[in-house]
>>> print(open('protein07.cif').read())   # mmCIF, C-alpha atoms
data_model
loop_
_atom_site.label_atom_id
_atom_site.label_comp_id
_atom_site.auth_asym_id
_atom_site.auth_seq_id
_atom_site.Cartn_x
_atom_site.Cartn_y
_atom_site.Cartn_z
CA MET A 1 -25.91 -12.77 23.07
CA ALA A 2 -28.08 -10.33 21.09
CA GLY A 3 -26.79 -7.48 23.24
CA ASP A 4 -23.17 -8.48 22.55
CA ILE A 5 -23.80 -8.57 18.81
CA GLN A 6 -25.48 -5.16 18.88
CA ALA A 7 -22.60 -3.72 20.90
CA LYS A 8 -20.11 -5.13 18.43
CA ARG A 9 -22.00 -3.58 15.52
CA VAL A 10 -22.03 -0.18 17.25
CA LEU A 11 -18.28 -0.45 17.86
CA ILE A 12 -17.63 -1.38 14.23
CA LEU A 13 -19.74 1.54 13.01
CA ALA A 14 -17.81 3.94 15.26
CA VAL A 15 -14.50 2.64 13.96
CA VAL A 16 -15.67 2.93 10.36
CA LEU A 17 -16.83 6.52 10.79
CA ALA A 18 -13.58 7.43 12.50
CA GLY A 19 -11.71 5.79 9.63
CA VAL A 20 -13.64 7.80 7.08
CA ALA A 21 -12.81 11.04 8.84
CA LEU A 22 -9.16 10.07 9.14
CA SER A 23 -9.00 8.97 5.51
CA TRP A 24 -10.39 12.28 4.29
CA SER A 25 -8.09 14.34 6.49
CA LEU A 26 -5.03 12.37 5.39
CA TRP A 27 -6.14 12.55 1.77
CA ARG A 28 -6.35 16.33 2.02
CA TYR A 29 -2.92 16.53 3.63
CA TRP A 30 -0.97 14.19 1.38
CA TRP A 31 -2.41 15.44 -1.90
CA THR A 32 -2.95 19.14 -1.27
CA GLY A 33 -1.37 20.17 2.03
CA ASN A 34 2.19 18.83 2.04
CA GLU A 35 3.82 22.04 0.88
CA GLU A 36 7.37 21.05 1.81
CA ALA A 37 7.68 18.36 -0.87
CA PRO A 38 8.86 19.69 -4.28
CA LEU A 39 5.86 18.25 -6.07
CA GLU A 40 3.13 19.46 -8.36
CA THR A 41 -0.29 19.84 -6.77
CA VAL A 42 -2.56 16.94 -7.62
CA VAL A 43 -5.89 18.15 -8.95
CA LEU A 44 -8.78 15.81 -8.29
CA ASN A 45 -12.46 16.25 -8.94
CA THR A 46 -13.33 14.39 -5.74
CA ALA A 47 -16.07 15.86 -3.58
CA LEU A 48 -16.26 14.98 0.11
CA ASP A 49 -17.84 11.55 0.24
CA THR A 50 -19.08 10.06 3.50
CA ARG A 51 -19.21 6.48 2.25
CA PRO A 52 -16.85 4.21 4.25
CA VAL A 53 -15.27 3.00 1.00
CA LEU A 54 -14.46 5.30 -1.89
CA PRO A 55 -13.71 4.62 -5.57
CA LEU A 56 -10.27 5.37 -6.94
CA PRO A 57 -10.00 8.46 -9.16
CA GLY A 58 -9.77 7.80 -12.88
CA MET A 59 -6.45 9.63 -13.06
CA VAL A 60 -4.13 11.91 -11.13
CA GLU A 61 -2.51 15.00 -12.59
CA LEU A 62 1.26 15.05 -12.08
CA ASN A 63 4.18 16.79 -13.75
CA THR A 64 5.06 14.46 -16.62
CA ASP A 65 8.79 15.24 -16.53
CA GLN A 66 8.92 14.44 -12.83
CA VAL A 67 7.03 11.21 -13.41
CA GLU A 68 9.40 10.21 -16.22
CA LEU A 69 12.48 10.96 -14.14
CA GLY A 70 10.99 8.94 -11.30
CA ARG A 71 10.19 6.09 -13.68
CA ARG A 72 13.81 5.91 -14.83
CA LEU A 73 15.17 6.08 -11.31
CA PHE A 74 12.68 3.44 -10.12
CA HIS A 75 14.14 1.04 -12.69
CA ASP A 76 17.78 2.09 -12.23
CA VAL A 77 20.03 -0.58 -10.71
CA ARG A 78 22.72 2.04 -10.08
CA LEU A 79 20.93 2.92 -6.87
CA SER A 80 22.22 -0.38 -5.44
CA ILE A 81 25.80 -0.95 -4.31
CA ASP A 82 26.56 -3.58 -6.97
CA ALA A 83 24.23 -2.37 -9.74
CA THR A 84 22.03 -5.46 -9.55
CA VAL A 85 18.87 -4.30 -7.77
CA SER A 86 16.38 -1.56 -8.58
CA CYS A 87 13.10 -0.57 -6.96
CA ALA A 88 11.37 -2.52 -9.74
CA SER A 89 13.24 -5.69 -8.77
CA CYS A 90 10.94 -6.08 -5.78
CA HIS A 91 8.01 -4.03 -7.09
CA ALA A 92 7.46 -5.19 -10.65
CA ILE A 93 5.21 -2.73 -12.46
CA ASP A 94 3.74 -5.39 -14.74
CA ARG A 95 2.90 -7.61 -11.74
CA TYR A 96 0.79 -5.15 -9.78
CA GLY A 97 3.81 -3.82 -7.92
CA VAL A 98 5.07 -7.00 -6.24
CA ASP A 99 7.56 -9.79 -6.99
CA GLY A 100 5.48 -12.78 -5.86
CA LYS A 101 8.10 -13.91 -3.34
CA GLN A 102 7.61 -14.53 0.36
CA VAL A 103 10.41 -12.03 0.97
CA SER A 104 12.36 -10.17 -1.68
CA LEU A 105 16.00 -10.75 -2.57
CA GLY A 106 18.46 -7.87 -2.35
CA VAL A 107 22.11 -7.54 -3.37
CA ALA A 108 24.05 -10.81 -3.39
CA GLY A 109 20.77 -12.68 -2.99
CA LYS A 110 20.24 -11.52 0.59
CA LYS A 111 16.74 -12.19 1.91
CA GLY A 112 14.57 -9.40 3.22
CA GLU A 113 12.69 -9.57 6.51
CA VAL A 114 9.12 -8.84 5.38
CA ASN A 115 6.97 -9.33 2.32
CA ALA A 116 7.29 -6.50 -0.20
CA PRO A 117 3.96 -4.62 -0.38
CA THR A 118 2.62 -3.32 -3.66
CA VAL A 119 3.59 0.19 -4.75
CA PHE A 120 0.36 0.62 -6.70
CA ASN A 121 -2.02 3.04 -5.00
CA SER A 122 0.62 3.56 -2.28
CA GLY A 123 0.02 7.30 -2.54
CA PHE A 124 -3.30 6.71 -0.79
CA ASN A 125 -1.69 5.13 2.30
CA PHE A 126 -1.37 7.23 5.44
CA ARG A 127 2.16 5.95 6.08
CA GLN A 128 4.63 3.63 4.34
CA PHE A 129 6.18 0.25 5.29
CA TRP A 130 4.43 -2.41 7.35
CA ASP A 131 5.45 -0.69 10.59
CA GLY A 132 4.62 2.78 9.27
CA ARG A 133 8.11 4.11 9.90
CA ALA A 134 8.02 6.40 6.84
CA ALA A 135 5.57 9.29 6.96
CA THR A 136 5.66 9.94 3.20
CA LEU A 137 6.67 8.28 -0.03
CA GLU A 138 9.65 10.64 -0.12
CA ASP A 139 10.77 9.36 3.28
CA GLN A 140 10.29 5.77 2.14
CA VAL A 141 12.74 6.01 -0.77
CA GLY A 142 15.83 6.03 1.44
CA GLY A 143 14.87 2.87 3.31
CA PRO A 144 15.59 0.28 0.60
CA LEU A 145 18.57 2.24 -0.74
CA GLU A 146 20.42 2.10 2.58
CA ASN A 147 19.11 -1.24 3.86
CA PRO A 148 22.00 -3.77 3.87
CA LEU A 149 19.56 -6.53 2.87
CA GLU A 150 18.19 -4.60 -0.09
CA MET A 151 20.28 -2.11 -2.09
CA ALA A 152 23.00 -1.82 0.58
CA SER A 153 24.18 1.51 -0.78
CA THR A 154 24.60 5.08 0.49
CA TRP A 155 23.29 8.33 -0.90
CA LYS A 156 26.83 9.46 -1.64
CA GLN A 157 27.56 6.33 -3.67
CA ALA A 158 24.22 6.27 -5.48
CA LEU A 159 24.46 9.92 -6.50
CA ALA A 160 28.04 9.41 -7.71
CA ASN A 161 26.79 6.57 -9.91
CA LEU A 162 24.09 8.77 -11.44
CA LYS A 163 26.09 11.97 -11.86
CA PRO A 164 27.82 11.09 -15.20
CA ASP A 165 24.46 10.28 -16.88
CA THR A 166 23.94 13.34 -19.09
CA GLY A 167 20.44 12.36 -20.18
CA LEU A 168 19.30 11.84 -16.61
CA GLN A 169 20.83 15.14 -15.50
CA ASN A 170 19.12 17.01 -18.34
CA LEU A 171 15.79 15.52 -17.38
CA SER A 172 16.40 16.46 -13.75
CA ARG A 173 17.06 20.08 -14.72
CA LYS A 174 13.87 20.10 -16.78
CA ALA A 175 11.78 18.50 -14.04
CA TYR A 176 13.22 20.19 -10.94
CA GLY A 177 15.44 23.00 -12.17
CA ARG A 178 18.66 21.46 -10.86
CA GLU A 179 20.94 18.45 -11.19
CA ILE A 180 20.16 15.22 -9.41
CA ASP A 181 20.61 15.25 -5.66
CA GLU A 182 19.08 13.28 -2.82
CA ALA A 183 15.97 15.47 -2.62
CA VAL A 184 15.38 15.14 -6.37
CA VAL A 185 15.71 11.35 -6.28
CA ARG A 186 13.31 11.12 -3.36
CA ALA A 187 10.78 13.50 -4.94
CA ALA A 188 10.93 11.97 -8.42
CA ILE A 189 10.52 8.36 -7.30
CA ALA A 190 7.69 9.39 -4.97
CA THR A 191 5.97 11.24 -7.81
CA PHE A 192 6.28 8.22 -10.09
CA GLU A 193 4.82 6.03 -7.35
CA ARG A 194 1.89 8.42 -6.98
CA SER A 195 1.20 7.91 -10.67
CA LEU A 196 0.82 4.16 -10.11
CA ILE A 197 -2.92 3.81 -9.70
CA THR A 198 -5.33 1.08 -10.74
CA PRO A 199 -8.71 2.64 -11.55
CA ASP A 200 -11.75 1.10 -13.17
CA ALA A 201 -12.03 -2.05 -11.04
CA PRO A 202 -15.48 -3.64 -11.19
CA PHE A 203 -16.00 -2.50 -7.60
CA ASP A 204 -15.14 1.10 -8.52
CA ARG A 205 -17.65 1.01 -11.34
CA TYR A 206 -20.18 -0.41 -8.90
CA LEU A 207 -19.51 2.40 -6.42
CA ASN A 208 -19.95 4.89 -9.22
CA GLY A 209 -23.43 3.59 -9.97
CA GLU A 210 -22.88 0.71 -12.41
CA ILE A 211 -24.65 -1.91 -10.32
CA VAL A 212 -24.22 -4.71 -12.87
CA ALA A 213 -20.42 -4.27 -12.75
CA LEU A 214 -20.42 -6.71 -9.83
CA GLU A 215 -21.55 -10.29 -10.25
CA ALA A 216 -24.09 -11.58 -7.73
CA ASP A 217 -21.52 -13.47 -5.65
CA ALA A 218 -19.27 -10.41 -5.45
CA ARG A 219 -22.21 -8.24 -4.37
CA GLU A 220 -23.06 -10.77 -1.66
CA GLY A 221 -19.39 -10.81 -0.67
CA TRP A 222 -19.43 -7.02 -0.36
CA GLN A 223 -22.45 -7.27 1.93
CA LEU A 224 -20.68 -9.92 4.03
CA PHE A 225 -17.56 -7.78 4.13
CA ARG A 226 -19.61 -5.11 5.88
CA ASP A 227 -21.81 -7.35 8.00
CA LEU A 228 -18.94 -9.40 9.43
CA GLY A 229 -16.89 -6.36 10.33
CA CYS A 230 -14.03 -6.55 7.80
CA ILE A 231 -14.77 -2.94 6.91
CA ALA A 232 -13.81 -1.81 10.42
CA CYS A 233 -10.15 -1.95 9.33
CA HIS A 234 -10.39 -2.07 5.54
CA GLN A 235 -12.07 1.17 4.45
CA GLY A 236 -11.30 4.41 2.66
CA MET A 237 -9.90 4.89 -0.84
CA ASN A 238 -7.54 1.90 -0.58
CA LEU A 239 -9.75 -0.38 1.54
CA GLY A 240 -6.99 -0.18 4.12
CA GLY A 241 -3.70 1.62 4.49
CA ASN A 242 -5.13 4.29 6.81
CA MET A 243 -4.73 2.79 10.29
CA TYR A 244 -2.82 0.25 12.38
CA ALA A 245 -4.27 -3.01 13.69
CA THR A 246 -2.98 -5.87 15.81
CA LEU A 247 -2.44 -9.13 13.94
CA GLY A 248 -4.28 -11.68 16.04
CA ALA A 249 -6.93 -9.62 17.85
CA MET A 250 -8.95 -12.80 18.44
CA GLY A 251 -6.23 -15.46 18.27
CA ASP A 252 -2.52 -16.19 18.13
CA TYR A 253 -1.09 -15.90 14.60
CA PHE A 254 2.37 -17.18 15.52
CA GLY A 255 1.40 -20.30 17.48
CA SER A 256 4.49 -22.23 18.51
CA ARG A 257 6.72 -20.15 16.25
CA VAL A 258 8.95 -17.67 18.07
CA PRO A 259 8.24 -14.23 16.55
CA ALA A 260 11.19 -12.55 14.84
CA LYS A 261 11.99 -8.89 15.31
CA ALA A 262 10.13 -8.00 12.12
CA ASP A 263 7.02 -9.70 13.55
CA LEU A 264 6.84 -7.12 16.32
CA GLY A 265 5.65 -4.45 13.89
CA LEU A 266 4.94 -1.01 15.31
CA TYR A 267 6.53 -2.01 18.63
CA ASN A 268 9.95 -1.74 16.98
CA ARG A 269 9.27 1.99 16.54
CA THR A 270 7.48 2.85 19.76
CA GLY A 271 8.65 0.30 22.36
CA ARG A 272 5.09 0.16 23.68
CA GLN A 273 3.81 -3.29 24.66
CA ALA A 274 0.40 -2.41 23.21
CA ASP A 275 2.04 -2.06 19.79
CA ARG A 276 3.44 -5.61 19.63
CA TYR A 277 2.29 -7.38 16.45
CA LYS A 278 0.58 -4.21 15.26
CA PHE A 279 0.95 -3.33 11.58
CA LYS A 280 -0.35 -0.86 9.05
CA VAL A 281 -3.51 -2.43 7.68
CA PRO A 282 -2.73 -3.36 4.06
CA GLY A 283 -4.92 -1.97 1.33
CA LEU A 284 -6.97 -4.58 -0.49
CA ARG A 285 -6.75 -3.06 -3.97
CA ASN A 286 -5.61 -5.76 -6.45
CA VAL A 287 -5.22 -8.20 -3.57
CA ALA A 288 -6.02 -11.15 -5.84
CA GLU A 289 -2.84 -10.33 -7.81
CA THR A 290 -0.41 -9.74 -4.95
CA ALA A 291 0.11 -13.10 -3.21
CA PRO A 292 1.67 -14.20 -0.91
CA TYR A 293 0.04 -12.40 1.97
CA PHE A 294 0.63 -10.81 5.38
CA HIS A 295 3.77 -9.07 6.56
CA ASP A 296 5.75 -12.33 6.53
CA GLY A 297 4.43 -13.66 3.23
CA ARG A 298 3.51 -16.98 4.85
CA ILE A 299 -0.03 -17.16 3.49
CA ALA A 300 0.01 -18.45 -0.07
CA SER A 301 -3.57 -18.08 -1.32
CA LEU A 302 -6.34 -15.53 -1.10
CA ASP A 303 -8.75 -18.19 0.13
CA GLU A 304 -6.40 -19.03 3.01
CA ALA A 305 -5.87 -15.35 3.81
CA VAL A 306 -9.63 -14.82 4.14
CA THR A 307 -9.94 -17.86 6.40
CA VAL A 308 -7.08 -16.79 8.66
CA MET A 309 -8.21 -13.16 8.91
CA ALA A 310 -11.79 -14.14 9.77
CA ARG A 311 -10.56 -16.41 12.53
CA LEU A 312 -7.81 -14.21 13.99
CA GLN A 313 -9.40 -10.78 13.61
CA LEU A 314 -13.11 -11.52 13.95
CA GLY A 315 -13.22 -14.83 15.81
CA LEU A 316 -15.23 -16.44 13.00
CA ASP A 317 -14.99 -19.77 11.22
CA LEU A 318 -16.38 -19.16 7.74
CA ASP A 319 -18.25 -21.81 5.80
CA ASP A 320 -17.25 -22.52 2.21
CA GLY A 321 -20.04 -20.43 0.75
CA ASP A 322 -19.28 -17.26 2.68
CA ARG A 323 -15.57 -17.63 2.05
CA ALA A 324 -16.18 -17.98 -1.70
CA LYS A 325 -18.35 -14.85 -1.73
CA LEU A 326 -15.71 -12.83 0.10
CA VAL A 327 -13.05 -14.01 -2.34
CA ALA A 328 -15.30 -13.05 -5.25
CA PHE A 329 -15.66 -9.56 -3.78
CA LEU A 330 -11.91 -9.23 -3.28
CA LYS A 331 -11.30 -10.23 -6.88
CA SER A 332 -13.59 -7.39 -7.95
CA LEU A 333 -10.99 -4.97 -6.52
CA THR A 334 -8.55 -5.68 -9.34
CA GLY A 335 -8.19 -2.52 -11.39
CA ARG A 336 -6.48 -1.43 -14.59
CA LEU A 337 -2.72 -1.00 -14.39
CA GLN A 338 -2.01 2.66 -15.02
CA ASP A 339 0.84 5.06 -14.42
CA GLY A 340 1.64 8.61 -15.32
CA GLY A 341 -2.00 9.26 -16.19
CA SER A 342 -1.76 6.95 -19.22
#
>>> encode(input="protein07.cif", output="structure tokens")
Amino acid sequence: MAGDIQAKRVLILAVVLAGVALSWSLWRYWWTGNEEAPLETVVLNTALDTRPVLPLPGMVELNTDQVELGRRLFHDVRLSIDATVSCASCHAIDRYGVDGKQVSLGVAGKKGEVNAPTVFNSGFNFRQFWDGRAATLEDQVGGPLENPLEMASTWKQALANLKPDTGLQNLSRKAYGREIDEAVVRAAIATFERSLITPDAPFDRYLNGEIVALEADAREGWQLFRDLGCIACHQGMNLGGNMYATLGAMGDYFGSRVPAKADLGLYNRTGRQADRYKFKVPGLRNVAETAPYFHDGRIASLDEAVTVMARLQLGLDLDDGDRAKLVAFLKSLTGRLQDGGS
């Protein structure tokens, strides 16, 4: 038994270190190396840090005109076929980037297939969507616009709706040097989304040396988070969002329920049996504010989510005390709503 535990700890440590290396490499690429995207370079005073979990930066430097254009487009219902749905309909900025629904409602009240993830801190994810089908935030923009269950529009129609807006066109010329086209819409919305960060969480202050920023139960929860192995998948700047993992590594999440196509996750992209039920690990930033949980939105409370994840991913049945400490730690990840460097 002792040998099995030691082996598990070694495996967890190896995964964590690999995650740190991957997180740093992806961070370098997305924020400084993606030269094809028409974006301003983000300047960050962030030295290489070998800790498995990193604090969020206090701000990001972005072109303010591009952010403002993206903000307007993010809230513009004209991107949808019937002018009823905007990006903000499912990703409310004043609600930590979610709508609180199990699945979001698109045009004509059509139900989506998965729970809408938060857009806050999404610039720190290595890919976008639960199944990772979008490599960048720019790529992600077209998904909802053309999805028949969401905005149900086309680029031709959406751009035609925006073209007569003189104010929007003037801002586009100022921000990108040309009138609005598909590339501008993608770039502007992605830039606005990169501005959506939530710094100054108690845990960030703790990581930056303010030990008393965490209450005792949250500190004990942070220790449990590492000791139990949660950190094997939830690490890096976003405490997740930088790898894929199978839902149900130690148990069956679906039980007697027949999985829907959306439940197959990465398999829908690759067709590989090993990728069934595999999803991008969600970041845990502001997780206390973004219920319901999991890709299908079936888990209503944070307490339940911790219980289910411990059982299915780690093979553990937590007692009430440990569960409460983990929840306290997760609540310490709630940061200050911030966009555009404000």
>>> resolve_selection(input="protein07.cif", expression="the PyMOL selection byres ((chain A and resi 90-92) around 10)", output="MDAnalysis selection string")
chainID A and resid 74:75 85:89 93:101 103:106 115:120 150
>>> write_last_selection(input="protein07.cif", atoms="C-alpha atoms", output="compact mmCIF listing (two decimals), keeping the file's coordinate frame")
# COMPACT_ATOMS: atom_id res chain seq x y z
CA PHE A 74 12.68 3.44 -10.12
CA HIS A 75 14.14 1.04 -12.69
CA VAL A 85 18.87 -4.30 -7.77
CA SER A 86 16.38 -1.56 -8.58
CA CYS A 87 13.10 -0.57 -6.96
CA ALA A 88 11.37 -2.52 -9.74
CA SER A 89 13.24 -5.69 -8.77
CA ILE A 93 5.21 -2.73 -12.46
CA ASP A 94 3.74 -5.39 -14.74
CA ARG A 95 2.90 -7.61 -11.74
CA TYR A 96 0.79 -5.15 -9.78
CA GLY A 97 3.81 -3.82 -7.92
CA VAL A 98 5.07 -7.00 -6.24
CA ASP A 99 7.56 -9.79 -6.99
CA GLY A 100 5.48 -12.78 -5.86
CA LYS A 101 8.10 -13.91 -3.34
CA VAL A 103 10.41 -12.03 0.97
CA SER A 104 12.36 -10.17 -1.68
CA LEU A 105 16.00 -10.75 -2.57
CA GLY A 106 18.46 -7.87 -2.35
CA ASN A 115 6.97 -9.33 2.32
CA ALA A 116 7.29 -6.50 -0.20
CA PRO A 117 3.96 -4.62 -0.38
CA THR A 118 2.62 -3.32 -3.66
CA VAL A 119 3.59 0.19 -4.75
CA PHE A 120 0.36 0.62 -6.70
CA GLU A 150 18.19 -4.60 -0.09
>>> atom_distance(input="protein07.cif", atom1="CA of Arg311 in chain A", atom2="CA of Arg323 in chain A")
11.7 Å
>>> resolve_selection(input="protein07.cif", expression="the PyMOL selection byres ((chain A and resi 122) around 9)", output="PDB file with C-alpha atoms, in the frame of the given file")
ATOM      1  CA  THR A 118       2.620  -3.320  -3.660  1.00  0.00           C
ATOM      2  CA  VAL A 119       3.590   0.190  -4.750  1.00  0.00           C
ATOM      3  CA  PHE A 120       0.360   0.620  -6.700  1.00  0.00           C
ATOM      4  CA  ASN A 121      -2.020   3.040  -5.000  1.00  0.00           C
ATOM      5  CA  GLY A 123       0.020   7.300  -2.540  1.00  0.00           C
ATOM      6  CA  PHE A 124      -3.300   6.710  -0.790  1.00  0.00           C
ATOM      7  CA  ASN A 125      -1.690   5.130   2.300  1.00  0.00           C
ATOM      8  CA  PHE A 126      -1.370   7.230   5.440  1.00  0.00           C
ATOM      9  CA  ARG A 127       2.160   5.950   6.080  1.00  0.00           C
ATOM     10  CA  GLN A 128       4.630   3.630   4.340  1.00  0.00           C
ATOM     11  CA  LEU A 137       6.670   8.280  -0.030  1.00  0.00           C
ATOM     12  CA  GLU A 193       4.820   6.030  -7.350  1.00  0.00           C
ATOM     13  CA  ARG A 194       1.890   8.420  -6.980  1.00  0.00           C
ATOM     14  CA  LEU A 196       0.820   4.160 -10.110  1.00  0.00           C
ATOM     15  CA  ILE A 197      -2.920   3.810  -9.700  1.00  0.00           C
ATOM     16  CA  ASN A 238      -7.540   1.900  -0.580  1.00  0.00           C
ATOM     17  CA  GLY A 241      -3.700   1.620   4.490  1.00  0.00           C
ATOM     18  CA  GLY A 283      -4.920  -1.970   1.330  1.00  0.00           C
TER      19      GLY A 283
END
>>> closest_residue(input="protein07.cif", among="A:Pro55, A:Gly70, A:Gly315, A:Gly240", to="Gly335 in chain A", atoms="all atoms listed in the file")
A:Pro55
>>> resolve_selection(input="protein07.cif", expression="the PyMOL selection byres ((chain A and resi 188) around 7)", output="mmCIF file with C-alpha atoms, keeping the file's coordinate frame")
data_model
loop_
_atom_site.group_PDB
_atom_site.id
_atom_site.type_symbol
_atom_site.label_atom_id
_atom_site.label_comp_id
_atom_site.auth_asym_id
_atom_site.auth_seq_id
_atom_site.Cartn_x
_atom_site.Cartn_y
_atom_site.Cartn_z
ATOM 1 C CA GLN A 66 8.920 14.440 -12.830
ATOM 2 C CA VAL A 67 7.030 11.210 -13.410
ATOM 3 C CA LEU A 69 12.480 10.960 -14.140
ATOM 4 C CA GLY A 70 10.990 8.940 -11.300
ATOM 5 C CA VAL A 184 15.380 15.140 -6.370
ATOM 6 C CA VAL A 185 15.710 11.350 -6.280
ATOM 7 C CA ARG A 186 13.310 11.120 -3.360
ATOM 8 C CA ALA A 187 10.780 13.500 -4.940
ATOM 9 C CA ILE A 189 10.520 8.360 -7.300
ATOM 10 C CA ALA A 190 7.690 9.390 -4.970
ATOM 11 C CA THR A 191 5.970 11.240 -7.810
ATOM 12 C CA PHE A 192 6.280 8.220 -10.090
#
>>> closest_residue(input="protein07.cif", among="A:Ala134, A:Ala175, A:Val60, A:Val212", to="Arg269 in chain A", atoms="only C-alpha atoms")
A:Ala134
>>> residues_around(input="protein07.cif", residues="range 141-145 of chain A", least_positions_apart="2", cutoff="7 Å", atoms="all atoms listed in the file", output="NGL selection string")
:A and (79-80 or 137-139 or 147 or 150-154 or 186)
>>> write_last_selection(input="protein07.cif", atoms="C-alpha atoms", output="mmCIF file, in the coordinates of the input")
data_model
loop_
_atom_site.group_PDB
_atom_site.id
_atom_site.type_symbol
_atom_site.label_atom_id
_atom_site.label_comp_id
_atom_site.auth_asym_id
_atom_site.auth_seq_id
_atom_site.Cartn_x
_atom_site.Cartn_y
_atom_site.Cartn_z
ATOM 1 C CA LEU A 79 20.930 2.920 -6.870
ATOM 2 C CA SER A 80 22.220 -0.380 -5.440
ATOM 3 C CA LEU A 137 6.670 8.280 -0.030
ATOM 4 C CA GLU A 138 9.650 10.640 -0.120
ATOM 5 C CA ASP A 139 10.770 9.360 3.280
ATOM 6 C CA ASN A 147 19.110 -1.240 3.860
ATOM 7 C CA GLU A 150 18.190 -4.600 -0.090
ATOM 8 C CA MET A 151 20.280 -2.110 -2.090
ATOM 9 C CA ALA A 152 23.000 -1.820 0.580
ATOM 10 C CA SER A 153 24.180 1.510 -0.780
ATOM 11 C CA THR A 154 24.600 5.080 0.490
ATOM 12 C CA ARG A 186 13.310 11.120 -3.360
#
>>> closest_residue(input="protein07.cif", among="A:Asp217, A:Asp296, A:Glu289, A:Asp227", to="Gly321 in chain A", atoms="only C-alpha atoms")
A:Asp217
>>> residues_around(input="protein07.cif", residues="Gly221 in chain A", least_positions_apart="3", cutoff="8 Å", atoms="only C-alpha atoms", output="list of chain:residue names")
A:Asp217, A:Ala218, A:Leu224, A:Phe225, A:Asp322, A:Ala324, A:Lys325, A:Leu326, A:Val327, A:Ala328, A:Phe329
>>> atom_distance(input="protein07.cif", atom1="CA of Leu316 in chain A", atom2="CA of Leu264 in chain A")
24.2 Å
>>> atom_distance(input="protein07.cif", atom1="CA of Ala305 in chain A", atom2="CA of Asp320 in chain A")
13.5 Å
>>> residues_around(input="protein07.cif", residues="Ala300 in chain A", least_positions_apart="3", cutoff="7 Å", atoms="only C-alpha atoms", output="PyMOL selection string")
chain A and resi 291-293
>>> residues_around(input="protein07.cif", residues="Ala245 in chain A", least_positions_apart="3", cutoff="8 Å", atoms="all atoms listed in the file", output="ChimeraX atom specification")
/A:233,278-281
>>> closest_residue(input="protein07.cif", among="A:Lys163, A:Ala288, A:Val306, A:Asp131", to="Asp263 in chain A", atoms="all atoms listed in the file")
A:Asp131
>>> closest_residue(input="protein07.cif", among="A:Arg336, A:Met237, A:Ile81, A:Cys230", to="Asp200 in chain A", atoms="all atoms listed in the file")
A:Arg336
>>> residues_around(input="protein07.cif", residues="Leu171 in chain A", least_positions_apart="5", cutoff="10 Å", atoms="all atoms listed in the file", output="MDAnalysis selection string")
chainID A and resid 65:66 68:69 166 176:180
>>> closest_residue(input="protein07.cif", among="A:Ala213, A:Leu266, A:Ala232, A:Val77", to="Pro52 in chain A", atoms="all atoms listed in the file")
A:Ala232
>>> decode(input="protein07.cif", residues="range 77-89 of chain A", atoms="N, CA and C atoms", output="PDB file, in the first residue's frame")
ATOM      1  N   VAL A  77     -26.225  42.413 -30.492  1.00  0.00           N
ATOM      2  CA  VAL A  77     -27.148  41.341 -30.889  1.00  0.00           C
ATOM      3  C   VAL A  77     -27.232  41.189 -32.403  1.00  0.00           C
ATOM      4  N   ARG A  78     -26.693  42.150 -33.150  1.00  0.00           N
ATOM      5  CA  ARG A  78     -26.758  42.054 -34.609  1.00  0.00           C
ATOM      6  C   ARG A  78     -25.879  40.947 -35.164  1.00  0.00           C
ATOM      7  N   LEU A  79     -25.057  40.352 -34.339  1.00  0.00           N
ATOM      8  CA  LEU A  79     -24.292  39.198 -34.774  1.00  0.00           C
ATOM      9  C   LEU A  79     -25.167  37.955 -34.907  1.00  0.00           C
ATOM     10  N   SER A  80     -26.356  37.966 -34.297  1.00  0.00           N
ATOM     11  CA  SER A  80     -27.263  36.826 -34.390  1.00  0.00           C
ATOM     12  C   SER A  80     -28.273  37.050 -35.510  1.00  0.00           C
ATOM     13  N   ILE A  81     -28.855  35.970 -36.007  1.00  0.00           N
ATOM     14  CA  ILE A  81     -29.718  36.025 -37.172  1.00  0.00           C
ATOM     15  C   ILE A  81     -30.971  36.852 -36.936  1.00  0.00           C
ATOM     16  N   ASP A  82     -31.486  36.865 -35.704  1.00  0.00           N
ATOM     17  CA  ASP A  82     -32.722  37.601 -35.426  1.00  0.00           C
ATOM     18  C   ASP A  82     -32.510  38.770 -34.477  1.00  0.00           C
ATOM     19  N   ALA A  83     -31.274  39.164 -34.278  1.00  0.00           N
ATOM     20  CA  ALA A  83     -30.931  40.307 -33.422  1.00  0.00           C
ATOM     21  C   ALA A  83     -31.478  40.165 -32.005  1.00  0.00           C
ATOM     22  N   THR A  84     -31.337  38.953 -31.450  1.00  0.00           N
ATOM     23  CA  THR A  84     -31.805  38.727 -30.076  1.00  0.00           C
ATOM     24  C   THR A  84     -30.701  38.229 -29.149  1.00  0.00           C
ATOM     25  N   VAL A  85     -29.597  37.749 -29.701  1.00  0.00           N
ATOM     26  CA  VAL A  85     -28.560  37.114 -28.890  1.00  0.00           C
ATOM     27  C   VAL A  85     -27.203  37.750 -29.181  1.00  0.00           C
ATOM     28  N   SER A  86     -26.489  38.086 -28.130  1.00  0.00           N
ATOM     29  CA  SER A  86     -25.112  38.566 -28.248  1.00  0.00           C
ATOM     30  C   SER A  86     -24.201  37.605 -27.500  1.00  0.00           C
ATOM     31  N   CYS A  87     -22.906  37.826 -27.607  1.00  0.00           N
ATOM     32  CA  CYS A  87     -21.960  37.023 -26.817  1.00  0.00           C
ATOM     33  C   CYS A  87     -22.269  37.153 -25.324  1.00  0.00           C
ATOM     34  N   ALA A  88     -22.633  38.371 -24.924  1.00  0.00           N
ATOM     35  CA  ALA A  88     -22.903  38.649 -23.511  1.00  0.00           C
ATOM     36  C   ALA A  88     -24.172  37.972 -23.012  1.00  0.00           C
ATOM     37  N   SER A  89     -25.023  37.515 -23.918  1.00  0.00           N
ATOM     38  CA  SER A  89     -26.243  36.825 -23.486  1.00  0.00           C
ATOM     39  C   SER A  89     -25.907  35.558 -22.717  1.00  0.00           C
TER      40      SER A  89
END
